[in-house]
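Asks: Have a look at this one before I ask anything.
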Amino acid sequence: MTTQAARTEQPLLSVQDLKIQIQMDNGVMHAVDGVDFDIYKGKTLGLVGESGCGKSLTSRSIISINPKECETTGNIVYHSESEKALNNLNLLSLPPTGKKIRSIRGRKIAMIFQEPMTAFSPMYTIGNQIMEAILIHRTKDKKEAKKIALEMLAKVGISDQEKRFDQYPHEFSGGMRQRAMISMALSCNPELLIADEPTTALDVTIQAQVLELMRELQKELGMAILLVTHDLGIIAQMCDEVAVMYLGKIVEQAPVKEIFYNPKHPYTKGLLKSMPRLGGTKSKRLDSIEGSVPMPIDMPPMCGFYERCKDRIEGVCNTKAVPKTYISDQHSVRCFLYSDQLEGEAQ
Amino acid sequence: MKTLPVFKRQKPAVISPAKTKDANYSSQWRLIYLKFKKHKLARISLVILAVLYTVALFAQFIAPYGLQSYDSKYVNAPPMGLHFIDADGKFHFKPFVYGLKSERDPETMRKMFVADTENRYPIQFFVRGEEYKFLGLIPTSLHLLGVEEPGRIFLLGTDGMGRDMFSRIVLGSQVSLSIPLVGVGISFVIGLFLGGISGYFGGWMDSVIQRIIEIIRSFPTLPLWMALSAAIPPRIPVVTMYLYIVIIFAFIGWTDLARVVRGKFISLKNEDYVVAAKIAGVSDGKIIVKHLLPGFISYLVVATTLAIPGMILAETAMSFLGLGIRSPATSWGVLLQEAQKIENVALYPWKLFPLGIVILTVLTYNFLGDGLRDAADPYKK
Amino acid sequence: MTKKILNVENINKYFQVKSKKALFRKPASVHVLNDISFELLEGETLSIVGESGCGKTTLGRCLVRGMDASSGNVYYHTEDGQQIDFLKLKGKHSKQYRRNIQMIFQDPYSSLSPRMSVFDIIAEPLIANFKLSKSEVEQKVMEIAEKTGLNVNYLQRYPHAFSGGQRQRIAIARALIMRPRLIVCDEAVSALDVSIQAQIINLLKDLQEQFQITYIFISHDLSIVQNISDRVAVMHLGKIVELATTESLFSSPKHPYTEALMSAVPQPDPELKKSRIILEGEMPNPANPPSGCHFHPRCAYKTEKCVQQAPELRQVADNHFTACHYAEELNLQGVQDETASAI
């Protein structure tokens, strides 16, 4: 039976039936097509998928910073324990440039990006920009704001903070900039941190540093993290729960161990197999997923993975929309192979 | 080898390029065209420019009067209205103008013109008038429109010597619209050549050319014009004068284009696909022609288009200062120079018509340039 | 496998850096490649790994002469055993040898001219090097397109009509059409999505088998490197710090930098939250490299000797070279054998 286990805890953020459509020259692109997930306090949810699957748009819609062309529908409900005014608040219903969303952006929900260079203005010192956020949300006292900013810089492992505070973004290396961005994001003690490909632009050794830092800070500050990435390795190391996205839909969602040791969706399986891993042997052929991702423009109701799927059922997978099926309490998958509905019809 | 027959059957399709509108098969120029088509303002500008240039091309035919003709009876006459309905309320299928009567203002005693409703002159098309050479080749006296003698048609009024403004604007457009084109054309060639050398070879040649450009650009333009036009002998035929002026403009104008060319050359030289061609053993000449030139020619078109309004204004400014074309030959600058007295603004505002035309032309060129710039790189996402 | 194809000897490359204050001063130079030497055997895949700024891309470009090395020699061994000084080849004569070494670039978007149809892109090297009739060119392009998995019906399309993976196939077809003996793959799959990456890696392997191609595979991704290569060279700040067979390198690395690199790779296995070595600090500035061993500021095992004296690349085991003073003493941690994963 398709029952959803009631998790006793209240989620911090609950995304329900999120849809983002973009008008293109040749039709409407369903960039995000009915995405649901919950983020819990102190936990990390990984959103993994290939380029163009809609993972970035999804994460950005939470704080309403998508471009105007994106027509967004659905609910993004935020539950704040600390502030009554922000409890049970549908973020999508707020005007994207209004005061309310701005009071949440940066203070309750912070975001870090792939390219830290673009996130900082080159005209101001790093310290200035970190202080700015603190002055808006936490305190009006400049001295105190500076103290907090210096503390934050120390917390993200930037030594010599006094000197670093007065430097400009271009004087920072890539890894340092990413650290500075994290310190800025965390300066107001957010309850949720959205990290969009936070380490993709960094070298492996620096990536390891930054990931380690994020883990430590999460332990210390207790915020939830929504980690958007294409790298399954990072997902395995960082996340508690994983949502695999393909063509605007979450095709599989489960706790991290389930995803890696008991994947159900053919796409998840394919991804895991196609990934070369350390410790593998040379000359082992990789199991690749054939074909390429189609454009989600004016697609009929069908499984988006149909054309590339090895286990596809003709006449089923390409004729109707795929329902969500629960394999276990916390493991859901969108695939007819596991659907009761299919069995019911077959009989 | 199951696929082989399939591939053989498909062969013809490859030999003849698919004539399809599918963007997947579209070349650079087609993509640029498609993108340009979306820019409404630029499209309108293109039409207006086409009209302006057509008028300039057939100026002698369109203008009712020639450059030499004047009539001291009609000095500073206001624009005539075109009428369909006469004083008696009768409708005429052919538009007509009234004759002009001069009267004195009883208060100021100033001479002024009023419409003489007694004399109606219907406008006639393809009438015989002054002799001229059509397109500079065929002698003829046919004009697009005119009225019967002794009537006169001054659609935009007359100037202080009784010359028809409309005719002079139309005739002046020949100079004002062609000087920038020829000037930009020459600077295009110089700029492409020197900029190309500068960008492709680099080294000391680059340094020398860049320094020359910097020196030329550091001259204040106005004194430079004055110096250069002082070098032009005073009494020379209009055609020679015209050539001198074009050369002056090109001499200053090429520096901008050379910089654009150089910059593009340098950035494209290091593109991966150019390096790839180099590794594949493609010769330098072929790389320039097949990879570099197509890569920036569209930008050049944009730069050129945007350089034209500057030249139009420069020509106007030069003539306005009395340094360029001189009467009786005419250009918009000459007309503006004649209109520069303050009383004109108050009493004979129609003498400022050329100003409107200059603004219109400059604006349309700028809009066109904008549209082209947006379309120039169709691969940009 | 014993036949040599390339002998790289003491390649050096300096980049001039313009400093803001150096109007009249001699411009500073950065030593991007520092005495790089290695041999390349026919039919093998040698990977060059390292972090950004280590000089691996510059090395690749110097080898295909997309860039001129400041000093050093590259000897190319022809099929009939001649030895040719590759970097000094000039004029018409050079074409005949240069076409044997081709390159595939990282970014399949910038490496294909957007203004040429795919057919023209693939045919271009052919036309530049051989005098062939139109139908011969066509036949060869078709053949190679088919081999690289391109749909021959779409060859008249322009690159913008293709996805990243398809474009990389086009780039491979272009490199392959002259039947080169050596292809330098510069991060050839790192811009691609995981599922597409696997397709291209498989394609490269298939083509190698079919045409006996030798690869120099430049990458920062150790997982891919381990999968594809026979030997691996690890570069750090313009120097090769370790060069060994893939097996030997991954099971028993002899340089602390290699160990740290391997340890930093996030493994797609949630159980494997092993004790990771996280390097302190960042890559030093190549314009101002540290004294002695360039890696010493970040090395956990450094001694006074490392600060004073730069280690030479030396043989420490069979087919295993490293540039560390303490290669024999240190017991560095490699990658465990394939973890019996559930899938």
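Numbering starts fresh at 1 for the residues of each chain in the structure tokens, the chains themselves are lettered A, B, ... in the order given, and ligands are numbered from 1 as they appear.
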Where does DSSP see strand (DSSP E) in segment 61-268 of chain A, if you list the residues as number ranges by chain?
Replies: A: 70-78, 89-90, 109-112, 192-196, 224-229, 241-246, 249-255
Asks: For a quick test of understanding: name the residues of chain A lying within 9 Å of chain C when counting only C-alpha atoms, and present them as a PyMOL selection string.
Replies: chain A and resi 49-51+173+175-176+202-209+212+230-239+256-257+260-263+269-293
Asks: Give as a ChimeraX atom specification every residue of chain C that touches chain B within 8 Å, counting only C-alpha atoms.
Replies: /C:64-66,95,98-99,102-103,105,110-117,124-125,128-129,142,152-153,155-158,160-161,175
Asks: Could you dump the residues just selected with N, CA, C and O atoms as a compact mmCIF listing (two decimals), in the first residue's frame?
Replies:
# COMPACT_ATOMS: atom_id res chain seq x y z
N VAL C 64 51.34 19.11 -27.87
CA VAL C 64 50.74 19.15 -29.20
C VAL C 64 51.15 20.40 -29.96
O VAL C 64 50.67 20.67 -31.04
N ARG C 65 52.01 21.17 -29.38
CA ARG C 65 52.49 22.43 -29.96
C ARG C 65 51.39 23.45 -30.14
O ARG C 65 51.42 24.25 -31.08
N GLY C 66 50.42 23.41 -29.26
CA GLY C 66 49.43 24.48 -29.25
C GLY C 66 50.04 25.67 -28.54
O GLY C 66 49.51 26.76 -28.54
N LYS C 95 53.88 18.78 -41.00
CA LYS C 95 52.48 18.33 -41.04
C LYS C 95 52.37 16.81 -40.90
O LYS C 95 51.54 16.30 -40.18
N ARG C 98 53.02 16.01 -37.32
CA ARG C 98 52.15 16.68 -36.33
C ARG C 98 50.76 16.10 -36.33
O ARG C 98 50.09 16.10 -35.31
N ARG C 99 50.30 15.64 -37.48
CA ARG C 99 48.94 15.11 -37.50
C ARG C 99 48.81 13.83 -36.69
O ARG C 99 47.71 13.36 -36.43
N GLN C 102 47.11 14.49 -31.72
CA GLN C 102 45.92 15.35 -31.71
C GLN C 102 45.45 15.61 -30.29
O GLN C 102 45.99 15.05 -29.34
N MET C 103 44.43 16.42 -30.17
CA MET C 103 44.01 16.84 -28.84
C MET C 103 42.48 16.91 -28.73
O MET C 103 41.81 17.27 -29.70
N PHE C 105 39.62 18.73 -26.18
CA PHE C 105 39.60 19.78 -25.16
C PHE C 105 38.54 19.53 -24.09
O PHE C 105 37.63 18.71 -24.27
N SER C 110 33.36 25.48 -26.36
CA SER C 110 34.29 26.43 -26.98
C SER C 110 35.22 25.75 -27.95
O SER C 110 35.91 26.41 -28.71
N SER C 111 35.28 24.43 -27.96
CA SER C 111 36.26 23.79 -28.83
C SER C 111 35.72 23.51 -30.23
O SER C 111 36.46 23.06 -31.08
N LEU C 112 34.44 23.76 -30.45
CA LEU C 112 33.89 23.60 -31.80
C LEU C 112 33.47 24.96 -32.32
O LEU C 112 32.75 25.69 -31.65
N SER C 113 33.91 25.28 -33.51
CA SER C 113 33.53 26.56 -34.09
C SER C 113 32.03 26.59 -34.30
O SER C 113 31.49 25.73 -34.98
N PRO C 114 31.35 27.57 -33.72
CA PRO C 114 29.89 27.60 -33.87
C PRO C 114 29.47 27.94 -35.28
O PRO C 114 28.30 27.83 -35.62
N ARG C 115 30.42 28.37 -36.10
CA ARG C 115 30.06 28.86 -37.43
C ARG C 115 30.24 27.84 -38.52
O ARG C 115 30.07 28.14 -39.68
N MET C 116 30.64 26.63 -38.15
CA MET C 116 30.79 25.60 -39.17
C MET C 116 29.85 24.45 -38.87
O MET C 116 29.56 24.16 -37.73
N SER C 117 29.39 23.80 -39.93
CA SER C 117 28.54 22.64 -39.72
C SER C 117 29.42 21.52 -39.17
O SER C 117 30.64 21.53 -39.33
N GLU C 124 37.58 19.29 -41.58
CA GLU C 124 38.61 20.32 -41.71
C GLU C 124 40.05 19.80 -41.63
O GLU C 124 40.86 20.10 -42.50
N PRO C 125 40.39 19.00 -40.61
CA PRO C 125 41.77 18.52 -40.54
C PRO C 125 42.14 17.69 -41.76
O PRO C 125 43.27 17.73 -42.23
N ALA C 128 42.88 19.89 -44.63
CA ALA C 128 44.11 20.64 -44.43
C ALA C 128 45.35 19.78 -44.65
O ALA C 128 46.42 20.29 -44.96
N ASN C 129 45.21 18.49 -44.47
CA ASN C 129 46.39 17.63 -44.51
C ASN C 129 46.53 16.77 -45.75
O ASN C 129 47.62 16.40 -46.12
N MET C 142 31.98 10.15 -42.73
CA MET C 142 30.88 9.25 -42.37
C MET C 142 31.38 8.10 -41.51
O MET C 142 30.78 7.75 -40.50
N VAL C 152 24.66 10.03 -38.41
CA VAL C 152 25.17 10.58 -39.66
C VAL C 152 24.13 11.46 -40.36
O VAL C 152 24.48 12.26 -41.22
N ASN C 153 22.89 11.33 -39.97
CA ASN C 153 21.87 12.17 -40.60
C ASN C 153 21.96 13.62 -40.15
O ASN C 153 21.38 14.50 -40.74
N LEU C 155 24.74 15.44 -39.65
CA LEU C 155 26.05 16.06 -39.83
C LEU C 155 25.99 17.46 -40.42
O LEU C 155 26.92 18.23 -40.29
N GLN C 156 24.91 17.79 -41.10
CA GLN C 156 24.82 19.14 -41.65
C GLN C 156 24.34 20.16 -40.63
O GLN C 156 24.26 21.34 -40.90
N ARG C 157 24.03 19.67 -39.46
CA ARG C 157 23.60 20.61 -38.42
C ARG C 157 24.81 21.36 -37.88
O ARG C 157 25.95 20.96 -38.06
N TYR C 158 24.49 22.41 -37.15
CA TYR C 158 25.55 23.20 -36.52
C TYR C 158 25.71 22.77 -35.07
O TYR C 158 24.76 22.24 -34.47
N HIS C 160 25.47 24.08 -32.30
CA HIS C 160 24.54 24.52 -31.25
C HIS C 160 23.32 23.61 -31.14
O HIS C 160 22.55 23.73 -30.20
N ALA C 161 23.16 22.71 -32.10
CA ALA C 161 22.02 21.80 -32.04
C ALA C 161 22.32 20.56 -31.20
O ALA C 161 21.46 19.72 -31.04
N ALA C 175 39.37 14.79 -33.86
CA ALA C 175 40.74 14.42 -33.49
C ALA C 175 41.12 13.10 -34.15
O ALA C 175 42.27 12.87 -34.48
Asks: Name the residues in contact with segment 81-98 of chain B at a cut-off of 8 Å, using only C-alpha atoms, excluding same-chain residues fewer than 3 positions from it; report them as a list of chain:residue names.
Replies: B:Ala115, B:Asp116, B:Thr117, B:Glu118, B:Asn119, B:Arg120, B:Tyr121, B:Pro122, B:Ile123, B:Ile153, B:Leu155
Asks: For the selection you just gave me, I'd like the residues written to a file as a PDB file, in the first residue's frame, keeping N, CA, C and O atoms.
Replies:
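File written: result-v1.pdb
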ATOM      1  N   ALA B 115      -1.718  82.914 -47.791  1.00  0.00           N
ATOM      2  CA  ALA B 115      -2.177  82.086 -48.902  1.00  0.00           C
ATOM      3  C   ALA B 115      -3.147  82.877 -49.766  1.00  0.00           C
ATOM      4  O   ALA B 115      -4.032  83.570 -49.262  1.00  0.00           O
ATOM      5  N   ASP B 116      -2.940  82.783 -51.058  1.00  0.00           N
ATOM      6  CA  ASP B 116      -3.802  83.468 -52.008  1.00  0.00           C
ATOM      7  C   ASP B 116      -4.824  82.450 -52.516  1.00  0.00           C
ATOM      8  O   ASP B 116      -4.553  81.654 -53.408  1.00  0.00           O
ATOM      9  N   THR B 117      -6.008  82.503 -51.901  1.00  0.00           N
ATOM     10  CA  THR B 117      -6.982  81.448 -52.184  1.00  0.00           C
ATOM     11  C   THR B 117      -7.573  81.548 -53.586  1.00  0.00           C
ATOM     12  O   THR B 117      -8.274  80.659 -54.036  1.00  0.00           O
ATOM     13  N   GLU B 118      -7.289  82.646 -54.239  1.00  0.00           N
ATOM     14  CA  GLU B 118      -7.777  82.788 -55.610  1.00  0.00           C
ATOM     15  C   GLU B 118      -7.064  81.815 -56.546  1.00  0.00           C
ATOM     16  O   GLU B 118      -7.658  81.238 -57.439  1.00  0.00           O
ATOM     17  N   ASN B 119      -5.749  81.700 -56.299  1.00  0.00           N
ATOM     18  CA  ASN B 119      -4.945  80.897 -57.206  1.00  0.00           C
ATOM     19  C   ASN B 119      -4.686  79.512 -56.623  1.00  0.00           C
ATOM     20  O   ASN B 119      -3.999  79.366 -55.613  1.00  0.00           O
ATOM     21  N   ARG B 120      -5.286  78.571 -57.266  1.00  0.00           N
ATOM     22  CA  ARG B 120      -5.090  77.191 -56.835  1.00  0.00           C
ATOM     23  C   ARG B 120      -4.139  76.499 -57.810  1.00  0.00           C
ATOM     24  O   ARG B 120      -4.317  76.603 -59.021  1.00  0.00           O
ATOM     25  N   TYR B 121      -3.113  75.826 -57.255  1.00  0.00           N
ATOM     26  CA  TYR B 121      -2.212  75.085 -58.138  1.00  0.00           C
ATOM     27  C   TYR B 121      -2.240  73.611 -57.750  1.00  0.00           C
ATOM     28  O   TYR B 121      -1.656  73.230 -56.733  1.00  0.00           O
ATOM     29  N   PRO B 122      -2.919  72.791 -58.512  1.00  0.00           N
ATOM     30  CA  PRO B 122      -2.921  71.365 -58.185  1.00  0.00           C
ATOM     31  C   PRO B 122      -1.514  70.784 -58.384  1.00  0.00           C
ATOM     32  O   PRO B 122      -0.789  71.209 -59.286  1.00  0.00           O
ATOM     33  N   ILE B 123      -1.182  69.874 -57.501  1.00  0.00           N
ATOM     34  CA  ILE B 123       0.149  69.254 -57.612  1.00  0.00           C
ATOM     35  C   ILE B 123       0.158  68.277 -58.762  1.00  0.00           C
ATOM     36  O   ILE B 123      -0.760  67.467 -58.929  1.00  0.00           O
ATOM     37  N   ILE B 153       5.951  75.598 -55.456  1.00  0.00           N
ATOM     38  CA  ILE B 153       5.640  74.698 -54.355  1.00  0.00           C
ATOM     39  C   ILE B 153       6.803  74.687 -53.362  1.00  0.00           C
ATOM     40  O   ILE B 153       7.930  74.346 -53.691  1.00  0.00           O
ATOM     41  N   LEU B 155       7.163  73.055 -49.990  1.00  0.00           N
ATOM     42  CA  LEU B 155       6.546  72.192 -48.966  1.00  0.00           C
ATOM     43  C   LEU B 155       7.072  72.505 -47.574  1.00  0.00           C
ATOM     44  O   LEU B 155       6.349  72.405 -46.586  1.00  0.00           O
TER      45      LEU B 155
END
Asks: Compile the contact shell of Gln82 of chain C as a tab-separated table (two decimals) with all heavy atoms, in the first residue's frame: residues with an atom at most 12 Å away, counting only C-alpha atoms, same-chain residues fewer than 6 positions apart removed.
Replies:
chain	number	residue	atom	x	y	z
C	3	LYS	N	57.14	-0.62	-27.29
C	3	LYS	CA	57.61	0.39	-28.22
C	3	LYS	C	57.33	1.78	-27.68
C	3	LYS	O	56.24	2.08	-27.23
C	3	LYS	CB	56.90	0.21	-29.56
C	3	LYS	CG	57.84	0.32	-30.74
C	3	LYS	CD	57.15	-0.19	-31.98
C	3	LYS	CE	56.98	0.91	-32.97
C	3	LYS	NZ	56.15	0.50	-34.10
C	4	LYS	N	58.36	2.63	-27.76
C	4	LYS	CA	58.16	4.00	-27.30
C	4	LYS	C	57.48	4.82	-28.38
C	4	LYS	O	57.70	4.60	-29.56
C	4	LYS	CB	59.52	4.63	-26.99
C	4	LYS	CG	59.92	4.49	-25.53
C	4	LYS	CD	61.09	5.38	-25.23
C	4	LYS	CE	62.37	4.55	-25.12
C	4	LYS	NZ	63.57	5.37	-24.95
C	5	ILE	N	56.67	5.78	-27.98
C	5	ILE	CA	56.09	6.67	-28.97
C	5	ILE	C	56.56	8.10	-28.74
C	5	ILE	O	56.72	8.87	-29.67
C	5	ILE	CB	54.55	6.56	-29.00
C	5	ILE	CG1	53.97	7.45	-30.08
C	5	ILE	CG2	53.92	6.90	-27.67
C	5	ILE	CD1	52.55	7.16	-30.41
C	6	LEU	N	56.80	8.43	-27.48
C	6	LEU	CA	57.17	9.81	-27.17
C	6	LEU	C	58.20	9.80	-26.05
C	6	LEU	O	58.12	9.01	-25.13
C	6	LEU	CB	55.92	10.57	-26.71
C	6	LEU	CG	55.83	12.05	-27.07
C	6	LEU	CD1	55.83	12.23	-28.57
C	6	LEU	CD2	54.54	12.63	-26.49
C	75	TYR	N	60.80	14.00	-28.26
C	75	TYR	CA	61.15	13.15	-29.40
C	75	TYR	C	59.98	12.23	-29.72
C	75	TYR	O	59.47	11.52	-28.86
C	75	TYR	CB	62.40	12.33	-29.10
C	75	TYR	CG	63.62	13.20	-28.96
C	75	TYR	CD1	64.15	13.49	-27.71
C	75	TYR	CD2	64.20	13.78	-30.09
C	75	TYR	CE1	65.24	14.32	-27.58
C	75	TYR	CE2	65.30	14.61	-29.97
C	75	TYR	CZ	65.81	14.89	-28.72
C	75	TYR	OH	66.89	15.72	-28.60
C	76	TYR	N	59.60	12.27	-30.98
C	76	TYR	CA	58.50	11.45	-31.43
C	76	TYR	C	59.07	10.28	-32.20
C	76	TYR	O	59.91	10.45	-33.09
C	76	TYR	CB	57.57	12.30	-32.31
C	76	TYR	CG	56.56	11.50	-33.08
C	76	TYR	CD1	55.50	10.88	-32.42
C	76	TYR	CD2	56.65	11.36	-34.46
C	76	TYR	CE1	54.58	10.14	-33.13
C	76	TYR	CE2	55.74	10.62	-35.18
C	76	TYR	CZ	54.70	10.00	-34.51
C	76	TYR	OH	53.79	9.27	-35.21
C	97	TYR	N	54.11	14.69	-39.44
C	97	TYR	CA	54.25	14.13	-38.11
C	97	TYR	C	53.26	14.73	-37.13
C	97	TYR	O	52.77	14.07	-36.24
C	97	TYR	CB	55.68	14.34	-37.62
C	97	TYR	CG	56.69	13.69	-38.51
C	97	TYR	CD1	57.53	14.44	-39.30
C	97	TYR	CD2	56.74	12.30	-38.61
C	97	TYR	CE1	58.43	13.84	-40.16
C	97	TYR	CE2	57.63	11.69	-39.46
C	97	TYR	CZ	58.47	12.46	-40.24
C	97	TYR	OH	59.35	11.85	-41.09
Asks: Could you please determine the separation between atom CA of Ile342 of chain B and atom CA of Pro309 of chain B in Å, to one decimal place?
Replies: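 Calculated distance between atom CA of Ile342 of chain B and atom CA of Pro309 of chain B is 26.2 Å.
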Asks: List as an mmCIF file with C-alpha atoms, in the first residue's frame the protein and nucleic acid residues near Ile250 of chain A, meaning an atom at most 10 Å away when only C-alpha atoms are counted, but skip any in the same chain fewer than 4 places from it.
Replies:
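Everything below was put into selection-v6.cif:
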data_model
loop_
_atom_site.group_PDB
_atom_site.id
_atom_site.type_symbol
_atom_site.label_atom_id
_atom_site.label_comp_id
_atom_site.auth_asym_id
_atom_site.auth_seq_id
_atom_site.Cartn_x
_atom_site.Cartn_y
_atom_site.Cartn_z
ATOM 1 C CA VAL A 32 10.383 21.670 -12.200
ATOM 2 C CA ASP A 33 7.345 19.468 -12.306
ATOM 3 C CA GLY A 34 5.707 18.581 -9.019
ATOM 4 C CA VAL A 35 8.466 18.341 -6.466
ATOM 5 C CA ASP A 36 7.778 17.463 -2.806
ATOM 6 C CA PHE A 37 10.244 17.178 0.006
ATOM 7 C CA LEU A 47 19.289 17.198 -4.019
ATOM 8 C CA VAL A 48 21.209 15.359 -6.697
ATOM 9 C CA GLY A 49 20.823 15.322 -10.448
ATOM 10 C CA CYS A 53 17.205 18.577 -13.990
ATOM 11 C CA GLY A 54 15.810 21.569 -12.127
ATOM 12 C CA LYS A 55 17.671 21.157 -8.869
ATOM 13 C CA VAL A 242 18.720 12.168 -0.632
ATOM 14 C CA ALA A 243 16.321 13.221 -3.375
ATOM 15 C CA VAL A 244 17.357 12.202 -6.873
ATOM 16 C CA MET A 245 16.012 14.541 -9.523
ATOM 17 C CA TYR A 246 15.552 13.840 -13.186
ATOM 18 C CA LYS A 324 4.857 8.142 -6.296
ATOM 19 C CA SER A 332 9.704 6.681 -2.207
ATOM 20 C CA VAL A 333 10.201 6.134 -5.885
ATOM 21 C CA ARG A 334 8.500 7.248 -9.068
#
Asks: Which of these, A:Asp340, A:Asp25, A:Glu307, A:Glu252, has the shortest distance to chain B once you count only C-alpha atoms?
Replies: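 Among the listed residues, A:Asp25 lies closest to chain B.
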Asks: Skip Ala327 of chain C itself and residues of its chain fewer than 6 positions away, then list as a PyMOL selection string all residues within 12 Å of it, counting only C-alpha atoms.
Replies: chain C and resi 241-242+252-259+301-302+311-317+320-321
Asks: Output N, CA and C atoms for every residue in that selection, as a compact mmCIF listing (two decimals), in the first residue's frame.
Replies:
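Result saved to out.txt:
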# COMPACT_ATOMS: atom_id res chain seq x y z
N VAL C 241 55.56 14.90 -9.26
CA VAL C 241 56.01 14.46 -7.93
C VAL C 241 55.91 12.95 -7.79
N GLU C 242 55.09 12.33 -8.64
CA GLU C 242 55.03 10.88 -8.58
C GLU C 242 54.60 10.35 -9.94
N SER C 252 49.78 1.80 -3.25
CA SER C 252 50.80 2.26 -2.30
C SER C 252 51.45 3.55 -2.81
N PRO C 253 50.80 4.66 -2.60
CA PRO C 253 51.38 5.93 -3.02
C PRO C 253 52.65 6.20 -2.22
N LYS C 254 53.59 6.88 -2.88
CA LYS C 254 54.86 7.13 -2.21
C LYS C 254 55.07 8.61 -1.93
N HIS C 255 54.13 9.44 -2.35
CA HIS C 255 54.28 10.87 -2.09
C HIS C 255 53.09 11.34 -1.25
N PRO C 256 53.36 12.12 -0.21
CA PRO C 256 52.26 12.56 0.67
C PRO C 256 51.17 13.33 -0.08
N TYR C 257 51.56 14.01 -1.15
CA TYR C 257 50.56 14.77 -1.90
C TYR C 257 49.58 13.82 -2.58
N THR C 258 50.11 12.76 -3.17
CA THR C 258 49.25 11.77 -3.80
C THR C 258 48.29 11.17 -2.78
N GLU C 259 48.83 10.86 -1.64
CA GLU C 259 48.00 10.29 -0.58
C GLU C 259 46.85 11.24 -0.21
N TYR C 301 54.33 15.43 6.97
CA TYR C 301 55.52 14.66 7.33
C TYR C 301 56.80 15.47 7.15
N LYS C 302 56.67 16.78 6.96
CA LYS C 302 57.85 17.54 6.57
C LYS C 302 58.90 17.61 7.68
N PRO C 311 63.57 17.66 -3.46
CA PRO C 311 63.82 16.26 -3.80
C PRO C 311 63.77 16.05 -5.32
N GLU C 312 64.58 15.11 -5.79
CA GLU C 312 64.56 14.76 -7.20
C GLU C 312 63.57 13.62 -7.42
N LEU C 313 63.09 13.54 -8.65
CA LEU C 313 62.24 12.40 -8.99
C LEU C 313 63.14 11.17 -9.13
N ARG C 314 62.87 10.16 -8.32
CA ARG C 314 63.75 8.98 -8.36
C ARG C 314 62.93 7.71 -8.27
N GLN C 315 63.57 6.63 -8.69
CA GLN C 315 62.86 5.36 -8.69
C GLN C 315 62.84 4.78 -7.29
N VAL C 316 61.68 4.38 -6.80
CA VAL C 316 61.62 3.82 -5.46
C VAL C 316 61.13 2.38 -5.50
N ALA C 317 60.50 2.02 -6.60
CA ALA C 317 60.08 0.63 -6.76
C ALA C 317 60.03 0.37 -8.25
N HIS C 320 58.02 2.80 -10.46
CA HIS C 320 57.41 3.74 -9.53
C HIS C 320 58.44 4.82 -9.17
N PHE C 321 58.15 6.04 -9.60
CA PHE C 321 59.08 7.14 -9.34
C PHE C 321 58.40 8.15 -8.44
Asks: Using only C-alpha atoms, which protein or nucleic acid residues come within 6 Å of segment 316-319 of chain A? Drop anything in the same chain fewer than 2 positions from it, and give the result as a list in words.
Replies: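 Within the cut-off, the hits are Met302, Cys303, Ile313 and Glu314 of chain A.
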Asks: Restricting the calculation to only C-alpha atoms, which member of C:Phe15, C:Phe119, C:Tyr109, C:Phe162 is positioned closest to Ala191 of chain C?
Replies: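 Of C:Phe15, C:Phe119, C:Tyr109, C:Phe162, the one nearest Ala191 of chain C is C:Tyr109, counting only C-alpha atoms.
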Asks: Grab the atom CA of Ile288 of chain B to atom CA of Phe265 of chain B distance for me, in Å with one decimal place.
Replies: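 About the pair atom CA of Ile288 of chain B and atom CA of Phe265 of chain B: they are 9.1 Å apart.
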Asks: Mind pulling up the distance from atom CA of Asn26 of chain A to atom CA of Leu247 of chain A?
Replies: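 Interatomic distance here is 17.5 Å.
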